[in-house]
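The structure under discussion appears below in the form of structure tokens.
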Amino acid sequence: MQVEEEAPVEAAEEELGTIEALKEVLKMAHKHDGLRRGLHECTKVLDRGAAQLCILAQDCDNDEITKLVKALCQEGNVSLIMADEGKELAEWCGLCKLNEDGTVKKAVKCAVAVITDYGAESAAKNVVMKYVESMQ
């Protein structure tokens with residue numbers, strides 16, 4: 001019976017793209033109070049060694065921030081994923097206002113986000129972890 005239960009999970013993982021999986025993981029972490037957003041919060045968590053995954057925006061205009069986050073991730077042996085835009089990362093982390101139909105009305109920029117607690121196990125987390133392992 002275990003084989004039958006695992007097959008739908010694997011099918012769900014294959015259907016789920018990396019970006020969609022990352023969005024789900026960030027939402028789940030936010031629900032479980034395991035998401036830190038912004039440079040100040042993230043650097044504290046990275047420095048303490050409590051981070052499990054870090055997402056950094058590629059369009060971050062300050063090189064010092066990029067170097068600091070990359071160095072802290074390397075020092076703490078934390079996996080780093082690069083997001084395309086800061087506004088996109090802010091949307092994924094819930095730092096935006098939505099219209100009634102669910103489209104984004106206003107979004108701020110977010111340079112970095114760190115996951116400290118994934119929350120529940122899910123197919124999305126498995127997809128993200130496989131992506132992280134393939135990058136190393």
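Chains: A, B, ... in order of the structure tokens. Residues: from 1 per chain. Ligands: from 1, in order shown.
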Considering only C-alpha atoms, return as number ranges by chain whatever protein or nucleic-acid residues lie within 7 Å of range 17-21 of chain A, sequence-local ones (same chain, fewer than 2 positions apart) excluded.
-> A: 15, 23-25, 124-125, 127-128
So which residues touch range 46-52 of chain A within 10 Å, counting only C-alpha atoms, skipping near sequence neighbours fewer than 4 positions away, as a short mmCIF file (atom, residue, chain, number, x, y, z; two decimals) with all heavy atoms, in the first residue's frame?
```
data_model
loop_
_atom_site.label_atom_id
_atom_site.label_comp_id
_atom_site.auth_asym_id
_atom_site.auth_seq_id
_atom_site.Cartn_x
_atom_site.Cartn_y
_atom_site.Cartn_z
N GLY A 34 7.84 30.67 9.81
CA GLY A 34 9.20 30.23 9.52
C GLY A 34 9.82 30.99 8.37
O GLY A 34 10.75 30.50 7.73
N LEU A 35 9.30 32.20 8.07
CA LEU A 35 9.81 32.99 6.96
C LEU A 35 10.28 34.34 7.47
O LEU A 35 9.55 35.03 8.18
CB LEU A 35 8.70 33.18 5.91
CG LEU A 35 9.06 33.98 4.66
CD1 LEU A 35 10.13 33.25 3.85
CD2 LEU A 35 7.84 34.22 3.81
N ARG A 36 11.49 34.68 7.11
CA ARG A 36 12.04 35.99 7.46
C ARG A 36 12.27 36.75 6.16
O ARG A 36 12.82 36.20 5.21
CB ARG A 36 13.36 35.86 8.22
CG ARG A 36 13.24 35.07 9.51
CD ARG A 36 12.38 35.83 10.52
NE ARG A 36 12.17 35.04 11.72
CZ ARG A 36 11.03 34.42 12.02
NH1 ARG A 36 10.01 34.47 11.18
NH2 ARG A 36 10.91 33.75 13.14
N GLU A 41 16.25 41.21 9.17
CA GLU A 41 15.79 39.94 9.75
C GLU A 41 16.62 38.76 9.22
O GLU A 41 16.99 37.87 9.97
CB GLU A 41 14.32 39.69 9.42
CG GLU A 41 13.36 40.56 10.18
CD GLU A 41 11.92 40.21 9.87
OE1 GLU A 41 11.63 39.06 9.51
OE2 GLU A 41 11.07 41.10 10.00
N CYS A 42 16.89 38.78 7.93
CA CYS A 42 17.58 37.65 7.30
C CYS A 42 19.03 37.54 7.75
O CYS A 42 19.52 36.44 7.99
CB CYS A 42 17.50 37.76 5.78
SG CYS A 42 15.82 37.53 5.16
N VAL A 69 25.01 38.66 1.96
CA VAL A 69 24.10 37.51 2.03
C VAL A 69 24.79 36.25 1.51
O VAL A 69 24.69 35.18 2.12
CB VAL A 69 22.79 37.80 1.26
CG1 VAL A 69 21.95 36.56 1.13
CG2 VAL A 69 22.00 38.91 1.94
N ALA A 71 27.98 35.60 1.48
CA ALA A 71 29.01 35.20 2.43
C ALA A 71 28.40 34.53 3.66
O ALA A 71 28.92 33.50 4.14
CB ALA A 71 29.83 36.41 2.86
N LEU A 72 27.30 35.07 4.17
CA LEU A 72 26.65 34.46 5.32
C LEU A 72 26.08 33.08 4.98
O LEU A 72 26.13 32.17 5.80
CB LEU A 72 25.53 35.36 5.85
CG LEU A 72 25.98 36.61 6.61
CD1 LEU A 72 24.80 37.52 6.90
CD2 LEU A 72 26.70 36.24 7.90
N CYS A 73 25.55 32.93 3.77
CA CYS A 73 25.04 31.63 3.34
C CYS A 73 26.18 30.61 3.23
O CYS A 73 26.04 29.46 3.64
CB CYS A 73 24.31 31.74 1.99
SG CYS A 73 22.71 32.53 2.11
N GLN A 74 27.29 31.05 2.67
CA GLN A 74 28.43 30.15 2.52
C GLN A 74 29.01 29.76 3.88
O GLN A 74 29.35 28.61 4.12
CB GLN A 74 29.50 30.82 1.66
CG GLN A 74 30.60 29.89 1.22
CD GLN A 74 31.53 30.56 0.23
OE1 GLN A 74 31.64 31.78 0.18
NE2 GLN A 74 32.20 29.74 -0.56
N GLU A 75 29.10 30.73 4.77
CA GLU A 75 29.64 30.48 6.10
C GLU A 75 28.76 29.51 6.90
O GLU A 75 29.26 28.62 7.58
CB GLU A 75 29.75 31.80 6.87
CG GLU A 75 30.30 31.67 8.27
CD GLU A 75 30.33 33.02 8.97
OE1 GLU A 75 30.90 33.98 8.39
OE2 GLU A 75 29.78 33.11 10.08
N GLY A 76 27.44 29.67 6.78
CA GLY A 76 26.52 28.82 7.51
C GLY A 76 26.10 27.58 6.77
O GLY A 76 25.25 26.83 7.24
N ASN A 77 26.66 27.36 5.58
CA ASN A 77 26.32 26.21 4.74
C ASN A 77 24.82 26.16 4.46
O ASN A 77 24.18 25.12 4.59
CB ASN A 77 26.81 24.91 5.39
CG ASN A 77 26.93 23.80 4.38
OD1 ASN A 77 27.02 24.05 3.18
ND2 ASN A 77 26.94 22.57 4.86
N VAL A 78 24.26 27.32 4.05
CA VAL A 78 22.84 27.45 3.75
C VAL A 78 22.70 27.52 2.23
O VAL A 78 23.45 28.25 1.56
CB VAL A 78 22.26 28.73 4.39
CG1 VAL A 78 20.80 28.92 4.01
CG2 VAL A 78 22.40 28.68 5.89
N SER A 79 21.75 26.78 1.69
CA SER A 79 21.51 26.79 0.25
C SER A 79 20.94 28.15 -0.16
O SER A 79 20.13 28.74 0.55
CB SER A 79 20.53 25.70 -0.13
OG SER A 79 21.04 24.44 0.25
N LEU A 80 21.36 28.61 -1.34
CA LEU A 80 20.96 29.92 -1.85
C LEU A 80 20.30 29.76 -3.20
O LEU A 80 20.86 29.12 -4.10
CB LEU A 80 22.18 30.84 -1.97
CG LEU A 80 21.95 32.23 -2.51
CD1 LEU A 80 21.12 33.06 -1.55
CD2 LEU A 80 23.28 32.92 -2.77
N VAL A 114 14.47 34.39 3.91
CA VAL A 114 15.08 33.20 4.48
C VAL A 114 14.00 32.33 5.11
O VAL A 114 13.13 32.84 5.82
CB VAL A 114 16.15 33.58 5.55
CG1 VAL A 114 16.64 32.36 6.29
CG2 VAL A 114 17.30 34.30 4.90
N ILE A 115 14.08 31.04 4.86
CA ILE A 115 13.17 30.08 5.47
C ILE A 115 13.87 29.45 6.67
O ILE A 115 14.96 28.89 6.53
CB ILE A 115 12.74 29.00 4.47
CG1 ILE A 115 11.93 29.61 3.34
CG2 ILE A 115 11.95 27.91 5.17
CD1 ILE A 115 11.55 28.65 2.24
N THR A 116 13.22 29.56 7.84
CA THR A 116 13.76 28.93 9.04
C THR A 116 12.98 27.67 9.40
O THR A 116 13.50 26.79 10.07
CB THR A 116 13.71 29.89 10.25
OG1 THR A 116 12.36 30.31 10.45
CG2 THR A 116 14.59 31.10 9.99
N ASP A 117 11.72 27.60 8.97
CA ASP A 117 10.88 26.44 9.24
C ASP A 117 9.97 26.22 8.04
O ASP A 117 9.19 27.09 7.68
CB ASP A 117 10.04 26.67 10.50
CG ASP A 117 9.14 25.50 10.84
OD1 ASP A 117 9.38 24.39 10.34
OD2 ASP A 117 8.18 25.71 11.61
N TYR A 118 10.09 25.05 7.40
CA TYR A 118 9.29 24.76 6.22
C TYR A 118 7.82 24.51 6.55
O TYR A 118 6.98 24.59 5.68
CB TYR A 118 9.84 23.52 5.49
CG TYR A 118 11.10 23.78 4.73
CD1 TYR A 118 12.32 23.36 5.23
CD2 TYR A 118 11.07 24.43 3.50
CE1 TYR A 118 13.50 23.58 4.53
CE2 TYR A 118 12.23 24.65 2.80
CZ TYR A 118 13.44 24.22 3.31
OH TYR A 118 14.59 24.44 2.61
#
```
DSSP helix (DSSP H, G or I) selection over chain A, as JSON, numbers by chain | {"A": [2, 3, 4, 5, 6, 7, 8, 9, 10, 11, 12, 13, 14, 15, 18, 19, 20, 21, 22, 23, 24, 25, 26, 27, 28, 29, 30, 31, 39, 40, 41, 42, 43, 44, 45, 46, 47, 48, 63, 64, 65, 66, 67, 68, 69, 70, 71, 72, 73, 74, 75, 76, 86, 87, 88, 89, 90, 91, 92, 93, 123, 124, 125, 126, 127, 128, 129, 130, 131, 132, 133, 134, 135]}
Looking only at the backbone, which of the residues in range 33-83 of chain A does DSSP tag as strand (DSSP E or B), as JSON, numbers by chain?
-> {"A": [35, 36, 37, 53, 54, 55, 56, 57, 79, 80, 81, 82, 83]}
Quick one: write out the picked residues with N, CA, C and O atoms as a PDB file, in the first residue's frame?
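Writing done, so here's out_34.pdb:
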```
ATOM      1  N   LEU A  35       9.302  32.205   8.074  1.00  0.00           N
ATOM      2  CA  LEU A  35       9.809  32.989   6.958  1.00  0.00           C
ATOM      3  C   LEU A  35      10.281  34.337   7.469  1.00  0.00           C
ATOM      4  O   LEU A  35       9.551  35.034   8.184  1.00  0.00           O
ATOM      5  N   ARG A  36      11.490  34.683   7.112  1.00  0.00           N
ATOM      6  CA  ARG A  36      12.042  35.994   7.459  1.00  0.00           C
ATOM      7  C   ARG A  36      12.271  36.750   6.158  1.00  0.00           C
ATOM      8  O   ARG A  36      12.822  36.202   5.205  1.00  0.00           O
ATOM      9  N   ARG A  37      11.865  38.027   6.150  1.00  0.00           N
ATOM     10  CA  ARG A  37      11.945  38.834   4.938  1.00  0.00           C
ATOM     11  C   ARG A  37      12.681  40.128   5.245  1.00  0.00           C
ATOM     12  O   ARG A  37      12.525  40.692   6.315  1.00  0.00           O
ATOM     13  N   LEU A  53      17.068  27.777   4.149  1.00  0.00           N
ATOM     14  CA  LEU A  53      17.110  28.122   2.729  1.00  0.00           C
ATOM     15  C   LEU A  53      17.045  29.627   2.595  1.00  0.00           C
ATOM     16  O   LEU A  53      16.297  30.289   3.318  1.00  0.00           O
ATOM     17  N   CYS A  54      17.815  30.173   1.667  1.00  0.00           N
ATOM     18  CA  CYS A  54      17.838  31.615   1.434  1.00  0.00           C
ATOM     19  C   CYS A  54      17.498  31.893  -0.018  1.00  0.00           C
ATOM     20  O   CYS A  54      17.976  31.205  -0.920  1.00  0.00           O
ATOM     21  N   ILE A  55      16.667  32.917  -0.258  1.00  0.00           N
ATOM     22  CA  ILE A  55      16.316  33.347  -1.607  1.00  0.00           C
ATOM     23  C   ILE A  55      16.742  34.797  -1.742  1.00  0.00           C
ATOM     24  O   ILE A  55      16.340  35.644  -0.951  1.00  0.00           O
ATOM     25  N   LEU A  56      17.561  35.074  -2.746  1.00  0.00           N
ATOM     26  CA  LEU A  56      18.115  36.404  -2.977  1.00  0.00           C
ATOM     27  C   LEU A  56      17.691  36.898  -4.351  1.00  0.00           C
ATOM     28  O   LEU A  56      17.731  36.142  -5.325  1.00  0.00           O
ATOM     29  N   ALA A  57      17.297  38.165  -4.450  1.00  0.00           N
ATOM     30  CA  ALA A  57      16.885  38.751  -5.725  1.00  0.00           C
ATOM     31  C   ALA A  57      18.114  39.124  -6.551  1.00  0.00           C
ATOM     32  O   ALA A  57      19.050  39.734  -6.031  1.00  0.00           O
ATOM     33  N   SER A  79      21.747  26.784   1.693  1.00  0.00           N
ATOM     34  CA  SER A  79      21.509  26.794   0.250  1.00  0.00           C
ATOM     35  C   SER A  79      20.943  28.145  -0.164  1.00  0.00           C
ATOM     36  O   SER A  79      20.133  28.738   0.545  1.00  0.00           O
ATOM     37  N   LEU A  80      21.361  28.609  -1.339  1.00  0.00           N
ATOM     38  CA  LEU A  80      20.956  29.918  -1.845  1.00  0.00           C
ATOM     39  C   LEU A  80      20.296  29.755  -3.203  1.00  0.00           C
ATOM     40  O   LEU A  80      20.856  29.123  -4.102  1.00  0.00           O
ATOM     41  N   ILE A  81      19.100  30.315  -3.344  1.00  0.00           N
ATOM     42  CA  ILE A  81      18.385  30.333  -4.619  1.00  0.00           C
ATOM     43  C   ILE A  81      18.279  31.777  -5.061  1.00  0.00           C
ATOM     44  O   ILE A  81      17.951  32.658  -4.257  1.00  0.00           O
ATOM     45  N   MET A  82      18.552  32.033  -6.329  1.00  0.00           N
ATOM     46  CA  MET A  82      18.463  33.378  -6.874  1.00  0.00           C
ATOM     47  C   MET A  82      17.118  33.578  -7.560  1.00  0.00           C
ATOM     48  O   MET A  82      16.763  32.833  -8.471  1.00  0.00           O
ATOM     49  N   ALA A  83      16.363  34.578  -7.126  1.00  0.00           N
ATOM     50  CA  ALA A  83      15.102  34.949  -7.764  1.00  0.00           C
ATOM     51  C   ALA A  83      15.393  36.040  -8.794  1.00  0.00           C
ATOM     52  O   ALA A  83      16.376  36.771  -8.668  1.00  0.00           O
TER      53      ALA A  83
END
```
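The residue that comes closest to Gly38 in chain A, out of A:Tyr131, A:Ala90, A:Leu98, A:Leu26 and on the basis of only C-alpha atoms, is A:Ala90.
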Have a look at CA of Leu39 in chain A and CA of Ile65 in chain A and let me know their distance in Å, one decimal.
-> 7.8 Å
d(CA of Val108 in chain A, CA of Asp63 in chain A) in Å | 19.3 Å
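In this comparison, which uses only C-alpha atoms, the residue of A:Glu64, A:Lys109, A:Lys130, A:Cys93 approaching Asp33 in chain A most closely is A:Cys93.
Here the question is which of A:Leu68, A:Ala123, A:Ala107, A:Val45 gets nearest to Glu85 in chain A using only C-alpha atoms, and that residue is A:Ala107.
Minimum atom-to-atom distance to Lys67 in chain A, evaluated using only C-alpha atoms, belongs to A:Thr43 out of A:Thr43, A:Leu22, A:Thr103, A:Ala113.
A straight line drawn from CA of Glu91 in chain A to CA of Lys106 in chain A is 9.3 Å long.
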